[in-house]
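Visitor: I'm passing along data-v2.pdb; it holds PDB, C-alpha atoms.
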```pdb
ATOM      1  CA  MET A   1     -11.896  31.455 -13.021  1.00  0.00           C
ATOM      2  CA  GLY A   2     -14.086  29.025 -14.974  1.00  0.00           C
ATOM      3  CA  ARG A   3     -17.470  27.950 -13.738  1.00  0.00           C
ATOM      4  CA  ILE A   4     -17.649  24.297 -14.742  1.00  0.00           C
ATOM      5  CA  ASN A   5     -14.927  22.137 -16.235  1.00  0.00           C
ATOM      6  CA  ARG A   6     -14.201  18.426 -16.443  1.00  0.00           C
ATOM      7  CA  ASP A   7     -12.351  18.372 -13.094  1.00  0.00           C
ATOM      8  CA  THR A   8     -15.291  20.040 -11.363  1.00  0.00           C
ATOM      9  CA  VAL A   9     -17.696  17.432 -12.735  1.00  0.00           C
ATOM     10  CA  ILE A  10     -15.368  14.570 -11.729  1.00  0.00           C
ATOM     11  CA  ALA A  11     -14.915  16.022  -8.213  1.00  0.00           C
ATOM     12  CA  VAL A  12     -18.676  16.309  -7.697  1.00  0.00           C
ATOM     13  CA  ILE A  13     -19.225  12.738  -8.934  1.00  0.00           C
ATOM     14  CA  LEU A  14     -16.481  11.424  -6.637  1.00  0.00           C
ATOM     15  CA  LEU A  15     -17.919  13.260  -3.624  1.00  0.00           C
ATOM     16  CA  CYS A  16     -21.378  11.832  -4.342  1.00  0.00           C
ATOM     17  CA  LEU A  17     -19.867   8.351  -4.652  1.00  0.00           C
ATOM     18  CA  VAL A  18     -17.983   8.768  -1.370  1.00  0.00           C
ATOM     19  CA  GLY A  19     -21.182   9.891   0.336  1.00  0.00           C
ATOM     20  CA  PHE A  20     -23.063   6.855  -0.953  1.00  0.00           C
ATOM     21  CA  LEU A  21     -20.292   4.459   0.130  1.00  0.00           C
ATOM     22  CA  TYR A  22     -20.095   6.109   3.554  1.00  0.00           C
ATOM     23  CA  TYR A  23     -23.829   5.550   4.009  1.00  0.00           C
ATOM     24  CA  ALA A  24     -23.498   1.956   2.754  1.00  0.00           C
ATOM     25  CA  SER A  25     -20.677   1.226   5.231  1.00  0.00           C
ATOM     26  CA  TYR A  26     -23.242   1.179   8.048  1.00  0.00           C
ATOM     27  CA  GLY A  27     -24.875  -1.820   6.403  1.00  0.00           C
ATOM     28  CA  ILE A  28     -21.807  -4.083   6.451  1.00  0.00           C
ATOM     29  CA  ARG A  29     -22.931  -7.287   8.135  1.00  0.00           C
ATOM     30  CA  THR A  30     -21.304 -10.716   8.360  1.00  0.00           C
ATOM     31  CA  PRO A  31     -21.945 -13.510  10.902  1.00  0.00           C
ATOM     32  CA  GLU A  32     -18.604 -13.053  12.647  1.00  0.00           C
ATOM     33  CA  PHE A  33     -19.281  -9.337  13.154  1.00  0.00           C
ATOM     34  CA  ASP A  34     -22.679  -9.996  14.730  1.00  0.00           C
ATOM     35  CA  ARG A  35     -20.927 -11.323  17.843  1.00  0.00           C
ATOM     36  CA  LEU A  36     -19.061  -8.152  18.750  1.00  0.00           C
ATOM     37  CA  ALA A  37     -18.518  -7.419  22.404  1.00  0.00           C
ATOM     38  CA  PRO A  38     -20.074  -4.223  23.819  1.00  0.00           C
ATOM     39  CA  GLY A  39     -17.909  -1.273  22.836  1.00  0.00           C
ATOM     40  CA  GLN A  40     -15.933  -3.240  20.230  1.00  0.00           C
ATOM     41  CA  MET A  41     -15.572  -1.432  16.917  1.00  0.00           C
ATOM     42  CA  GLY A  42     -17.369  -2.956  13.956  1.00  0.00           C
ATOM     43  CA  PRO A  43     -16.249  -3.733  10.406  1.00  0.00           C
ATOM     44  CA  GLY A  44     -17.411  -0.395   9.014  1.00  0.00           C
ATOM     45  CA  LEU A  45     -14.840   1.655  10.938  1.00  0.00           C
ATOM     46  CA  TRP A  46     -11.912   1.170   8.572  1.00  0.00           C
ATOM     47  CA  PRO A  47     -13.921   1.889   5.354  1.00  0.00           C
ATOM     48  CA  ARG A  48     -15.332   5.032   6.928  1.00  0.00           C
ATOM     49  CA  MET A  49     -11.860   6.262   7.884  1.00  0.00           C
ATOM     50  CA  ILE A  50     -10.707   5.778   4.290  1.00  0.00           C
ATOM     51  CA  LEU A  51     -13.831   7.457   2.929  1.00  0.00           C
ATOM     52  CA  ILE A  52     -13.388  10.479   5.191  1.00  0.00           C
ATOM     53  CA  GLY A  53      -9.870  10.919   3.829  1.00  0.00           C
ATOM     54  CA  LEU A  54     -11.181  10.583   0.272  1.00  0.00           C
ATOM     55  CA  ALA A  55     -13.888  13.138   1.008  1.00  0.00           C
ATOM     56  CA  VAL A  56     -11.316  15.659   2.261  1.00  0.00           C
ATOM     57  CA  MET A  57      -9.180  15.144  -0.851  1.00  0.00           C
ATOM     58  CA  GLY A  58     -12.305  15.384  -3.013  1.00  0.00           C
ATOM     59  CA  VAL A  59     -13.179  18.767  -1.501  1.00  0.00           C
ATOM     60  CA  PHE A  60      -9.652  20.047  -2.183  1.00  0.00           C
ATOM     61  CA  TYR A  61      -9.915  18.688  -5.722  1.00  0.00           C
ATOM     62  CA  LEU A  62     -13.218  20.497  -6.225  1.00  0.00           C
ATOM     63  CA  LEU A  63     -11.840  23.787  -4.912  1.00  0.00           C
ATOM     64  CA  GLN A  64      -8.733  23.471  -7.078  1.00  0.00           C
ATOM     65  CA  SER A  65     -10.848  22.807 -10.166  1.00  0.00           C
ATOM     66  CA  ILE A  66     -12.741  26.039  -9.514  1.00  0.00           C
ATOM     67  CA  VAL A  67      -9.847  28.301  -8.506  1.00  0.00           C
ATOM     68  CA  ASP A  68      -7.291  26.920 -10.979  1.00  0.00           C
ATOM     69  CA  PRO A  69      -9.134  25.127 -13.806  1.00  0.00           C
ATOM     70  CA  PRO A  70      -7.200  22.700 -16.011  1.00  0.00           C
ATOM     71  CA  PRO A  71      -6.029  23.701 -19.510  1.00  0.00           C
ATOM     72  CA  PRO A  72      -8.026  22.599 -22.544  1.00  0.00           C
ATOM     73  CA  ALA A  73      -7.828  18.884 -23.233  1.00  0.00           C
ATOM     74  CA  GLU A  74      -4.982  17.770 -25.472  1.00  0.00           C
ATOM     75  CA  LYS A  75      -5.330  15.371 -28.355  1.00  0.00           C
ATOM     76  CA  LEU A  76      -4.014  12.020 -27.151  1.00  0.00           C
ATOM     77  CA  GLY A  77      -3.759  10.226 -30.480  1.00  0.00           C
ATOM     78  CA  GLY A  78      -6.635   7.773 -30.385  1.00  0.00           C
ATOM     79  CA  LEU A  79      -7.236   4.852 -28.063  1.00  0.00           C
ATOM     80  CA  ILE A  80      -3.552   3.884 -27.776  1.00  0.00           C
ATOM     81  CA  GLY A  81      -2.569   7.448 -26.933  1.00  0.00           C
ATOM     82  CA  TRP A  82      -5.385   7.673 -24.398  1.00  0.00           C
ATOM     83  CA  TYR A  83      -4.248   4.433 -22.754  1.00  0.00           C
ATOM     84  CA  ARG A  84      -0.609   5.560 -22.583  1.00  0.00           C
ATOM     85  CA  HIS A  85      -1.648   8.843 -21.025  1.00  0.00           C
ATOM     86  CA  TYR A  86      -3.929   7.284 -18.397  1.00  0.00           C
ATOM     87  CA  ARG A  87      -2.090   3.972 -17.962  1.00  0.00           C
ATOM     88  CA  ASN A  88      -1.175   4.406 -14.299  1.00  0.00           C
ATOM     89  CA  PRO A  89      -4.691   5.359 -13.113  1.00  0.00           C
ATOM     90  CA  ILE A  90      -6.173   2.519 -15.171  1.00  0.00           C
ATOM     91  CA  TRP A  91      -3.836  -0.005 -13.564  1.00  0.00           C
ATOM     92  CA  CYS A  92      -4.604   1.421 -10.114  1.00  0.00           C
ATOM     93  CA  PHE A  93      -8.348   0.988 -10.625  1.00  0.00           C
ATOM     94  CA  ALA A  94      -7.848  -2.496 -12.081  1.00  0.00           C
ATOM     95  CA  ALA A  95      -5.629  -3.542  -9.160  1.00  0.00           C
ATOM     96  CA  PHE A  96      -8.106  -2.164  -6.636  1.00  0.00           C
ATOM     97  CA  ALA A  97     -10.971  -4.006  -8.324  1.00  0.00           C
ATOM     98  CA  ALA A  98      -8.926  -7.229  -8.172  1.00  0.00           C
ATOM     99  CA  PHE A  99      -8.175  -6.508  -4.490  1.00  0.00           C
ATOM    100  CA  LEU A 100     -11.881  -6.199  -3.685  1.00  0.00           C
ATOM    101  CA  THR A 101     -12.617  -9.353  -5.670  1.00  0.00           C
ATOM    102  CA  VAL A 102     -10.124 -11.578  -3.814  1.00  0.00           C
ATOM    103  CA  ILE A 103     -10.819 -10.316  -0.271  1.00  0.00           C
ATOM    104  CA  PRO A 104     -13.533 -12.955   0.353  1.00  0.00           C
ATOM    105  CA  PHE A 105     -11.056 -15.676  -0.636  1.00  0.00           C
ATOM    106  CA  LEU A 106      -7.714 -14.369   0.701  1.00  0.00           C
ATOM    107  CA  GLY A 107      -8.817 -12.034   3.483  1.00  0.00           C
ATOM    108  CA  MET A 108      -7.837  -8.459   4.226  1.00  0.00           C
ATOM    109  CA  LEU A 109      -4.268  -9.227   5.291  1.00  0.00           C
ATOM    110  CA  ILE A 110      -3.099 -11.351   2.351  1.00  0.00           C
ATOM    111  CA  ALA A 111      -5.130  -9.483  -0.270  1.00  0.00           C
ATOM    112  CA  GLY A 112      -3.890  -6.141   1.054  1.00  0.00           C
ATOM    113  CA  ALA A 113      -0.274  -7.282   0.979  1.00  0.00           C
ATOM    114  CA  LEU A 114      -0.603  -8.532  -2.604  1.00  0.00           C
ATOM    115  CA  PHE A 115      -2.333  -5.287  -3.611  1.00  0.00           C
ATOM    116  CA  VAL A 116       0.320  -2.973  -2.155  1.00  0.00           C
ATOM    117  CA  PHE A 117       3.320  -5.016  -3.295  1.00  0.00           C
ATOM    118  CA  GLY A 118       1.865  -5.687  -6.742  1.00  0.00           C
ATOM    119  CA  LEU A 119       0.929  -2.065  -7.408  1.00  0.00           C
ATOM    120  CA  MET A 120       4.291  -0.734  -6.228  1.00  0.00           C
ATOM    121  CA  THR A 121       6.110  -3.268  -8.398  1.00  0.00           C
ATOM    122  CA  LEU A 122       3.880  -2.584 -11.386  1.00  0.00           C
ATOM    123  CA  LEU A 123       4.193   1.200 -11.299  1.00  0.00           C
ATOM    124  CA  GLY A 124       7.661   1.568  -9.759  1.00  0.00           C
ATOM    125  CA  PRO A 125      11.181   0.321 -10.455  1.00  0.00           C
ATOM    126  CA  LYS A 126      11.761  -3.427 -10.591  1.00  0.00           C
ATOM    127  CA  ASN A 127      15.417  -3.836  -9.607  1.00  0.00           C
ATOM    128  CA  SER A 128      16.469  -5.885  -6.574  1.00  0.00           C
ATOM    129  CA  VAL A 129      16.864  -2.859  -4.284  1.00  0.00           C
ATOM    130  CA  ALA A 130      13.417  -1.546  -5.207  1.00  0.00           C
ATOM    131  CA  LEU A 131      11.810  -4.956  -4.686  1.00  0.00           C
ATOM    132  CA  LYS A 132      13.294  -5.129  -1.166  1.00  0.00           C
ATOM    133  CA  GLN A 133      11.881  -1.673  -0.473  1.00  0.00           C
ATOM    134  CA  HIS A 134       8.492  -2.802  -1.784  1.00  0.00           C
ATOM    135  CA  VAL A 135       8.519  -5.803   0.556  1.00  0.00           C
ATOM    136  CA  LEU A 136       9.467  -3.677   3.580  1.00  0.00           C
ATOM    137  CA  THR A 137       6.857  -1.048   2.702  1.00  0.00           C
ATOM    138  CA  THR A 138       4.202  -3.738   2.320  1.00  0.00           C
ATOM    139  CA  LEU A 139       5.075  -5.316   5.656  1.00  0.00           C
ATOM    140  CA  GLY A 140       5.150  -1.933   7.371  1.00  0.00           C
ATOM    141  CA  THR A 141       1.889  -0.582   5.976  1.00  0.00           C
ATOM    142  CA  VAL A 142      -0.346  -3.650   5.636  1.00  0.00           C
ATOM    143  CA  GLY A 143       1.194  -5.525   8.568  1.00  0.00           C
ATOM    144  CA  GLY A 144       1.108  -2.412  10.727  1.00  0.00           C
ATOM    145  CA  MET A 145      -2.508  -1.708   9.811  1.00  0.00           C
ATOM    146  CA  TRP A 146      -3.481  -5.302  10.610  1.00  0.00           C
ATOM    147  CA  PHE A 147      -1.629  -5.163  13.944  1.00  0.00           C
ATOM    148  CA  ILE A 148      -3.277  -1.890  14.992  1.00  0.00           C
ATOM    149  CA  PHE A 149      -6.798  -2.990  14.113  1.00  0.00           C
ATOM    150  CA  ALA A 150      -6.636  -6.683  15.052  1.00  0.00           C
ATOM    151  CA  CYS A 151      -4.519  -6.471  18.217  1.00  0.00           C
ATOM    152  CA  LEU A 152      -4.752  -2.957  19.632  1.00  0.00           C
ATOM    153  CA  LEU A 153      -8.261  -1.878  18.595  1.00  0.00           C
ATOM    154  CA  GLU A 154      -9.666  -5.441  18.465  1.00  0.00           C
ATOM    155  CA  VAL A 155     -11.465  -4.732  15.210  1.00  0.00           C
ATOM    156  CA  GLN A 156     -12.238  -7.901  13.264  1.00  0.00           C
ATOM    157  CA  LEU A 157     -10.924  -7.594   9.728  1.00  0.00           C
ATOM    158  CA  PRO A 158     -12.425  -9.748   6.954  1.00  0.00           C
ATOM    159  CA  LYS A 159     -10.944 -13.252   6.890  1.00  0.00           C
ATOM    160  CA  GLY A 160     -10.502 -15.193   3.666  1.00  0.00           C
ATOM    161  CA  GLU A 161     -12.151 -18.471   2.784  1.00  0.00           C
ATOM    162  CA  PHE A 162      -8.772 -20.007   1.947  1.00  0.00           C
ATOM    163  CA  THR A 163      -6.597 -18.144   4.478  1.00  0.00           C
ATOM    164  CA  GLY A 164      -8.912 -17.865   7.493  1.00  0.00           C
ATOM    165  CA  GLY A 165      -6.919 -20.457   9.431  1.00  0.00           C
ATOM    166  CA  LEU A 166      -3.657 -18.566   8.930  1.00  0.00           C
ATOM    167  CA  GLU A 167      -5.193 -15.246   9.934  1.00  0.00           C
ATOM    168  CA  GLU A 168      -6.813 -16.838  12.984  1.00  0.00           C
ATOM    169  CA  TRP A 169      -3.454 -18.323  13.990  1.00  0.00           C
ATOM    170  CA  LEU A 170      -1.749 -14.941  13.604  1.00  0.00           C
ATOM    171  CA  ALA A 171      -4.469 -13.201  15.579  1.00  0.00           C
ATOM    172  CA  VAL A 172      -4.287 -15.712  18.441  1.00  0.00           C
ATOM    173  CA  ASN A 173      -0.498 -15.813  18.680  1.00  0.00           C
ATOM    174  CA  VAL A 174       0.516 -12.238  17.819  1.00  0.00           C
ATOM    175  CA  CYS A 175      -2.325 -10.548  19.672  1.00  0.00           C
ATOM    176  CA  GLY A 176      -1.951 -13.052  22.535  1.00  0.00           C
ATOM    177  CA  LEU A 177       1.719 -12.157  22.828  1.00  0.00           C
ATOM    178  CA  VAL A 178       0.879  -8.461  22.873  1.00  0.00           C
ATOM    179  CA  ALA A 179      -1.747  -9.045  25.557  1.00  0.00           C
ATOM    180  CA  SER A 180       0.749 -11.038  27.655  1.00  0.00           C
ATOM    181  CA  ILE A 181       3.325  -8.261  27.378  1.00  0.00           C
ATOM    182  CA  GLY A 182       0.692  -5.715  28.375  1.00  0.00           C
ATOM    183  CA  GLU A 183      -0.305  -7.773  31.395  1.00  0.00           C
ATOM    184  CA  ALA A 184       3.343  -8.177  32.411  1.00  0.00           C
ATOM    185  CA  VAL A 185       3.959  -4.438  32.132  1.00  0.00           C
ATOM    186  CA  ALA A 186       0.807  -3.732  34.139  1.00  0.00           C
ATOM    187  CA  TRP A 187       1.890  -6.223  36.809  1.00  0.00           C
ATOM    188  CA  ILE A 188       5.360  -4.636  37.034  1.00  0.00           C
ATOM    189  CA  ASP A 189       3.872  -1.156  37.239  1.00  0.00           C
ATOM    190  CA  GLY A 190       1.402  -2.313  39.861  1.00  0.00           C
ATOM    191  CA  GLY A 191       4.189  -3.866  41.927  1.00  0.00           C
ATOM    192  CA  ALA A 192       6.278  -0.722  41.651  1.00  0.00           C
ATOM    193  CA  CYS A 193       3.351   1.441  42.731  1.00  0.00           C
ATOM    194  CA  HIS A 194       2.658  -0.921  45.635  1.00  0.00           C
ATOM    195  CA  LEU A 195       6.281  -0.703  46.805  1.00  0.00           C
ATOM    196  CA  ALA A 196       6.317   3.067  46.430  1.00  0.00           C
ATOM    197  CA  SER A 197       3.173   3.441  48.523  1.00  0.00           C
ATOM    198  CA  ALA A 198       4.303   1.038  51.240  1.00  0.00           C
ATOM    199  CA  PRO A 199       5.054   2.762  54.573  1.00  0.00           C
ATOM    200  CA  ILE A 200       8.712   3.053  55.584  1.00  0.00           C
ATOM    201  CA  VAL A 201       9.389   1.364  58.910  1.00  0.00           C
TER     202      VAL A 201
END
```
Take the structure in the file and give it back as structure tokens.
Guide:
Amino acid sequence: MGRINRDTVIAVILLCLVGFLYYASYGIRTPEFDRLAPGQMGPGLWPRMILIGLAVMGVFYLLQSIVDPPPPAEKLGGLIGWYRHYRNPIWCFAAFAAFLTVIPFLGMLIAGALFVFGLMTLLGPKNSVALKQHVLTTLGTVGGMWFIFACLLEVQLPKGEFTGGLEEWLAVNVCGLVASIGEAVAWIDGGACHLASAPIV
């Protein structure tokens, strides 16, 4: 069991970074989030959920680096060899940086969809069947996340400068439809309970 190795150092750095970002998430402020209703969840909830998951994985990474340290580093053959070896992580970081950059312009929904679909297409197969799977996965993950936060939890996700109208339209119509269905179900349940409790003559 080695004391300190490169994975241990990386794990400690990542955990410190996660801790700093978790602290910084409490300072997220935008004008639209200053008008939250009492009890409504703020914009820092989703980043904190992600950061908690990253912290858990970082702890496992740290423990693994101590219990089962990595083998000595291999020679990668210069810069080109290094890039070929770490190509996928590099593209992931680059795509995530681009995702963060375009959020103010495209919003969480559109930017998230482009990020997931683009990264899956970049790193995965590119045939017609795979592309259909990428589209369905993107709709299920990003669309499902948006639906849960925007409609069910009523958490305001960042809207884009160029796509704010579209996201507002989706929020009004989709979430309005969900609210109408919920009211209808509640009315039916209330009527059924009223009939069940009515005295039998």
Visitor: Using atom CA of Ala95 of chain A and atom CA of Asn5 of chain A as the two end points, give the distance in Å to one decimal.
Guide: 28.2 Å
Visitor: Neighbours of Val178 of chain A within 10 Å (only C-alpha atoms; same-chain residues fewer than 5 positions away dropped), as a ChimeraX atom specification?
Guide: /A:147,151-152,172-173,183-184
Visitor: Quick one, how far is atom CA of Gln156 of chain A from atom CA of Leu100 of chain A?
Guide: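 We find that atom CA of Gln156 of chain A and atom CA of Leu100 of chain A lie 17.0 Å from each other.
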Visitor: When the PyMOL selection byres ((chain A and resi 15-27) around 8) is applied to the file above, which residues end up in the set, as a list in words?
Guide: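 Evaluating the PyMOL selection byres ((chain A and resi 15-27) around 8) on these coordinates yields Ala11, Val12, Ile13, Leu14, Ile28, Arg29, Gly44, Pro47, Arg48, Leu51, Leu54, Ala55, Gly58 and Val59 of chain A.
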Visitor: So that I can check the surroundings of Leu119 of chain A, please list as a VMD selection string every protein, DNA and RNA residue that reaches within 12 Å of it, counting all atoms listed in the file and ignoring chain neighbours fewer than 6 positions away.
Guide: chain A and resid 88 to 96 98 to 99 111 to 113 125 to 126 131 134 to 135 137 to 138
Visitor: Using all atoms listed in the file, can you tell me which of A:Leu139, A:Leu79, A:Ile66, A:Ile148 comes closest to Val174 of chain A?
Guide: A:Ile148
Visitor: Using only C-alpha atoms, which residues sit within 10 Å of Ile4 of chain A once same-chain residues fewer than 3 positions away are excluded, as a list in words?
Guide: Met1, Asp7, Thr8, Val9, Ser65, Ile66 and Pro69 of chain A
Visitor: Between atom CA of Leu166 of chain A and atom CA of Ala150 of chain A, what is the distance in Å, rounded to a tenth?
Guide: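 Rounded to one decimal, the two atoms are 13.7 Å apart.
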Visitor: Closest to Pro104 of chain A among A:Gly81, A:Gly160, A:Gly165, A:Gly140, using all atoms listed in the file?
Guide: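 Comparing A:Gly81, A:Gly160, A:Gly165, A:Gly140 against Pro104 of chain A, the winner is A:Gly160.
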Visitor: Of the candidates A:Phe115, A:Gly53, A:Ser128, A:Gly164, which shows the shortest atom-to-atom distance to Thr101 of chain A, using all atoms listed in the file?
Guide: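 The answer is A:Phe115, which sits nearest to Thr101 of chain A.
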Visitor: Restore N, CA and C atoms in segment 82-103 of chain A and list the result as an mmCIF file, keeping the file's coordinate frame.
Guide:
```
data_model
loop_
_atom_site.group_PDB
_atom_site.id
_atom_site.type_symbol
_atom_site.label_atom_id
_atom_site.label_comp_id
_atom_site.auth_asym_id
_atom_site.auth_seq_id
_atom_site.Cartn_x
_atom_site.Cartn_y
_atom_site.Cartn_z
ATOM 1 N N TRP A 82 -4.605 7.490 -25.630
ATOM 2 C CA TRP A 82 -5.385 7.673 -24.398
ATOM 3 C C TRP A 82 -4.924 6.691 -23.320
ATOM 4 N N TYR A 83 -4.694 5.434 -23.726
ATOM 5 C CA TYR A 83 -4.248 4.433 -22.754
ATOM 6 C C TYR A 83 -2.863 4.777 -22.209
ATOM 7 N N ARG A 84 -1.957 5.200 -23.047
ATOM 8 C CA ARG A 84 -0.609 5.560 -22.583
ATOM 9 C C ARG A 84 -0.656 6.735 -21.624
ATOM 10 N N HIS A 85 -1.563 7.654 -21.886
ATOM 11 C CA HIS A 85 -1.648 8.843 -21.025
ATOM 12 C C HIS A 85 -2.234 8.504 -19.659
ATOM 13 N N TYR A 86 -3.235 7.619 -19.645
ATOM 14 C CA TYR A 86 -3.929 7.284 -18.397
ATOM 15 C C TYR A 86 -3.576 5.880 -17.899
ATOM 16 N N ARG A 87 -2.433 5.351 -18.306
ATOM 17 C CA ARG A 87 -2.090 3.972 -17.962
ATOM 18 C C ARG A 87 -2.013 3.747 -16.469
ATOM 19 N N ASN A 88 -1.323 4.613 -15.747
ATOM 20 C CA ASN A 88 -1.175 4.406 -14.299
ATOM 21 C C ASN A 88 -2.508 4.430 -13.554
ATOM 22 N N PRO A 89 -3.377 5.418 -13.791
ATOM 23 C CA PRO A 89 -4.691 5.359 -13.113
ATOM 24 C C PRO A 89 -5.499 4.124 -13.491
ATOM 25 N N ILE A 90 -5.427 3.709 -14.751
ATOM 26 C CA ILE A 90 -6.173 2.519 -15.171
ATOM 27 C C ILE A 90 -5.690 1.293 -14.406
ATOM 28 N N TRP A 91 -4.378 1.135 -14.297
ATOM 29 C CA TRP A 91 -3.836 -0.005 -13.564
ATOM 30 C C TRP A 91 -4.184 0.063 -12.084
ATOM 31 N N CYS A 92 -4.227 1.275 -11.530
ATOM 32 C CA CYS A 92 -4.604 1.421 -10.114
ATOM 33 C C CYS A 92 -6.043 0.965 -9.891
ATOM 34 N N PHE A 93 -6.949 1.402 -10.764
ATOM 35 C CA PHE A 93 -8.348 0.988 -10.625
ATOM 36 C C PHE A 93 -8.494 -0.511 -10.836
ATOM 37 N N ALA A 94 -7.766 -1.060 -11.819
ATOM 38 C CA ALA A 94 -7.848 -2.496 -12.081
ATOM 39 C C ALA A 94 -7.318 -3.295 -10.888
ATOM 40 N N ALA A 95 -6.199 -2.838 -10.315
ATOM 41 C CA ALA A 95 -5.629 -3.542 -9.160
ATOM 42 C C ALA A 95 -6.556 -3.456 -7.960
ATOM 43 N N PHE A 96 -7.191 -2.304 -7.765
ATOM 44 C CA PHE A 96 -8.106 -2.164 -6.636
ATOM 45 C C PHE A 96 -9.333 -3.036 -6.820
ATOM 46 N N ALA A 97 -9.835 -3.128 -8.058
ATOM 47 C CA ALA A 97 -10.971 -4.006 -8.324
ATOM 48 C C ALA A 97 -10.600 -5.462 -8.053
ATOM 49 N N ALA A 98 -9.383 -5.862 -8.454
ATOM 50 C CA ALA A 98 -8.926 -7.229 -8.172
ATOM 51 C C ALA A 98 -8.787 -7.449 -6.670
ATOM 52 N N PHE A 99 -8.313 -6.424 -5.948
ATOM 53 C CA PHE A 99 -8.175 -6.508 -4.490
ATOM 54 C C PHE A 99 -9.529 -6.756 -3.833
ATOM 55 N N LEU A 100 -10.541 -6.010 -4.245
ATOM 56 C CA LEU A 100 -11.881 -6.199 -3.685
ATOM 57 C C LEU A 100 -12.452 -7.570 -4.041
ATOM 58 N N THR A 101 -12.087 -8.064 -5.222
ATOM 59 C CA THR A 101 -12.617 -9.353 -5.670
ATOM 60 C C THR A 101 -12.057 -10.515 -4.855
ATOM 61 N N VAL A 102 -10.766 -10.443 -4.484
ATOM 62 C CA VAL A 102 -10.124 -11.578 -3.814
ATOM 63 C C VAL A 102 -10.221 -11.509 -2.297
ATOM 64 N N ILE A 103 -10.711 -10.412 -1.733
ATOM 65 C CA ILE A 103 -10.819 -10.316 -0.271
ATOM 66 C C ILE A 103 -11.633 -11.466 0.321
#
```
